[in-house]
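Engineer: Pasting a structure below so you can have a look.
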Amino acid sequence: FAPLRWPLVVRVVRGVFGGGLRHEERTLHGRRIVLMQTEEAAAEWDARAAEAAAGGAPPPERPAVLFVPGGAFIADFEAADLFFLHRWVRQTDALVVYLTYDFAPQVPYPGPMLNVALAYRALREHKHDLGFRASPLAVVGLSAGGNLAMAALLAPLLLHHAPPPVVEALGGCDPVMPDAILLLCPVLNICRSPSPSRVVFASDVLLPQPLLKAFATAYDNDSDHWMVRDPIFSPVFAPDEALRQLPPTTILCGGLDPLLDDSVDFNTRIRRMGVPGELHIYRSLPHTFVSFPHWHILPEVESALAKSVQFLRAVCSAAPAAGVGGSATPPGGSDDPWKKPRSVGSQSFDSDDGFGF
């Protein structure tokens with residue numbers, strides 16, 4: 001998968017498949033980001049920003065999606081991610097912010113999480129020179145990026161559990177939540193103990209058990225974070241009072257994913273805490289199915305991508321949050337992703353061969 005990170009490959013994918021889109025590389029709190037938007041939207045928002053600056057007004061608010069990529073904590077696959085990110089840009093009228101972070105094992109836990117936490121806070125609190133204020137703001141995490149995103153949001157609530165670098169960086173910071181969260185095949189439990197899905201899919205082609213352990217060891221530098229159930233390391237262990245603070249959260253995952261139990265367990269906990277949203281499991285799909293462009297023609301993958309677009313559209317069309325850290329006003333309608341979740345144990349089987357909780 002290494003070529004998917006090569007700048008040349010990324011430029012080729014942008015050029016061939018990114019027609020009508022603008023990709024702008026900037027920095028946010030010292031991290032490389034890529035701003036993705038349509039050329040038409042870019043021209044419109046540039047004009048609004050210039051008008052606001054000329055009049056001495058603050059930058060305009062615009063819908064944004066902060067995307068934290070996956071890659072087993074040791075890499076990212078930017079070229080592959082562009083295929084579904086381009087779809088989000090074209091179909092949601094949002095600015096997509098692709099965030100990069102340091103990789104393990106060169107920078108182990110909690111370094112990558114702090115990269116995400118500090119960049120997110122800079123974006124959410126409008127402490128940057130990007131020419132806009134992100135509101136409404138959705139945070140999306142894919143695989144390991146789901147772990148980093150969720151841990152970054154919960155960390156200010158869990159400083160009594162945090163290692164010294166996290167306390168030093170985030171101590172005194174108030175919790176600041178986005179308007180919504182979307183998790184795609186998230187890694188939420190890095191415990192070495194096997195769960196049922198890890199046992200059943202121990203020989204999975206993409207994530208066999210030895211590889212899962214190797215990635216976890218690289219991220220935690222072979223320490224004992226997993227043994228003490230550190231909730232910043234494994235957000236599934238976060239206490240109830242922290243989980244209650246989460247905004248609407250939807251989770252999409254594959255039924256053949258060794259990490260399926262992470263999504264099911266986390267979904268169960270946050271629904272019991274009253275966090276609105278849904279869990280959608282696509283029975284025939286493996287881990288990070290959205291990252292394989294040639295699979296996008298499959299009906300289940302298409303259904304999952306359509307669900308992600310529907311969710312992000314609802315976020316981006318919601319009324320802007322009332323002040324930093326507020327939650328957007330839940331939009332109405334029968335397709336509302338903020339609707340009250342069904343009871344934890346209920347299932348409904350859809351025509352797309354997926355099912356939701």
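Note on naming: chains are A, B, ... as they come in the structure tokens, residues start from 1 per chain, ligands start from 1 in the order shown.
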Taking only C-alpha atoms into account, produce a table as CSV in which each residue of range 83-105 of chain A with an atom at most 12 Å from an atom of range 38-45 of chain A appears once, together with its shortest atom pair and the distance in Å to one decimal, ordered by chain and rising number.

Structural biologist:
residue,atom,partner,partner_atom,distance
A:Leu85,CA,A:Thr38,CA,11.7
A:His86,CA,A:Thr38,CA,9.1
A:Arg87,CA,A:Thr38,CA,10.7
A:Trp88,CA,A:Thr38,CA,10.5
A:Val89,CA,A:Thr38,CA,6.8
A:Arg90,CA,A:Thr38,CA,6.8
A:Gln91,CA,A:Thr38,CA,10.1
A:Thr92,CA,A:Thr38,CA,10.6
A:Asp93,CA,A:Ala41,CA,7.8
A:Ala94,CA,A:Ala41,CA,8.8
A:Leu95,CA,A:Thr38,CA,8.4
A:Val96,CA,A:Thr38,CA,10.1

Engineer: Contacts of range 3-9 of chain A at 6 Å or less, counting only C-alpha atoms, minus same-chain residues fewer than 4 places along, as a ChimeraX atom specification?

Structural biologist: /A:77-79

Engineer: What does the file look like for those residues with C-alpha atoms, as a PDB file, in the first residue's frame?

Structural biologist:
ATOM      1  CA  PHE A  77      -3.566   6.040   2.249  1.00  0.00           C
ATOM      2  CA  GLU A  78      -4.400   9.465   0.921  1.00  0.00           C
ATOM      3  CA  ALA A  79      -4.668   8.489  -2.743  1.00  0.00           C
TER       4      ALA A  79
END

Engineer: What parts of range 97-180 of chain A does DSSP call helix (DSSP H, G or I)? I'd like the answer as a VMD selection string.

Structural biologist: chain A and resid 111 to 124 144 to 157 159 to 161 164 to 170

Engineer: With only C-alpha atoms counted and 10 Å as the cut-off, give the residues of range 4-73 of chain A in contact with range 207-227 of chain A, each with its shortest interatomic distance in Å and the pair that gives it, as a tab-separated table.

Structural biologist:
residue	atom	partner	partner_atom	distance
A:Gly71	CA	A:Phe215	CA	9.5
A:Ala72	CA	A:Phe215	CA	6.0
A:Phe73	CA	A:Tyr219	CA	6.3

Engineer: Do you know which residues are at most 9 Å from Pro112 in chain A counting only C-alpha atoms, after dropping those on the same chain fewer than 5 positions away, and could you put them as a list in words?

Structural biologist: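 Here the answer would be Phe73, Tyr101, Asp102, Phe103, Ala104, Val107, Ala117, Leu148 and Tyr219 of chain A.
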
Engineer: Which is closest to His23 in chain A among A:Ala151, A:Val68, A:Val264, A:Leu82, if we use only C-alpha atoms?

Structural biologist: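 The closest residue to His23 in chain A is A:Leu82.
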
Engineer: Could you check which of A:Pro248, A:Gly146, A:Gly55, A:Pro239 is closest to Val116 in chain A, using only C-alpha atoms?

Structural biologist: A:Gly146

Engineer: Using Å and a single decimal, report how far CA of Pro196 in chain A sits from CA of Leu142 in chain A.

Structural biologist: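 Separation between CA of Leu142 in chain A and CA of Pro196 in chain A: 21.6 Å.
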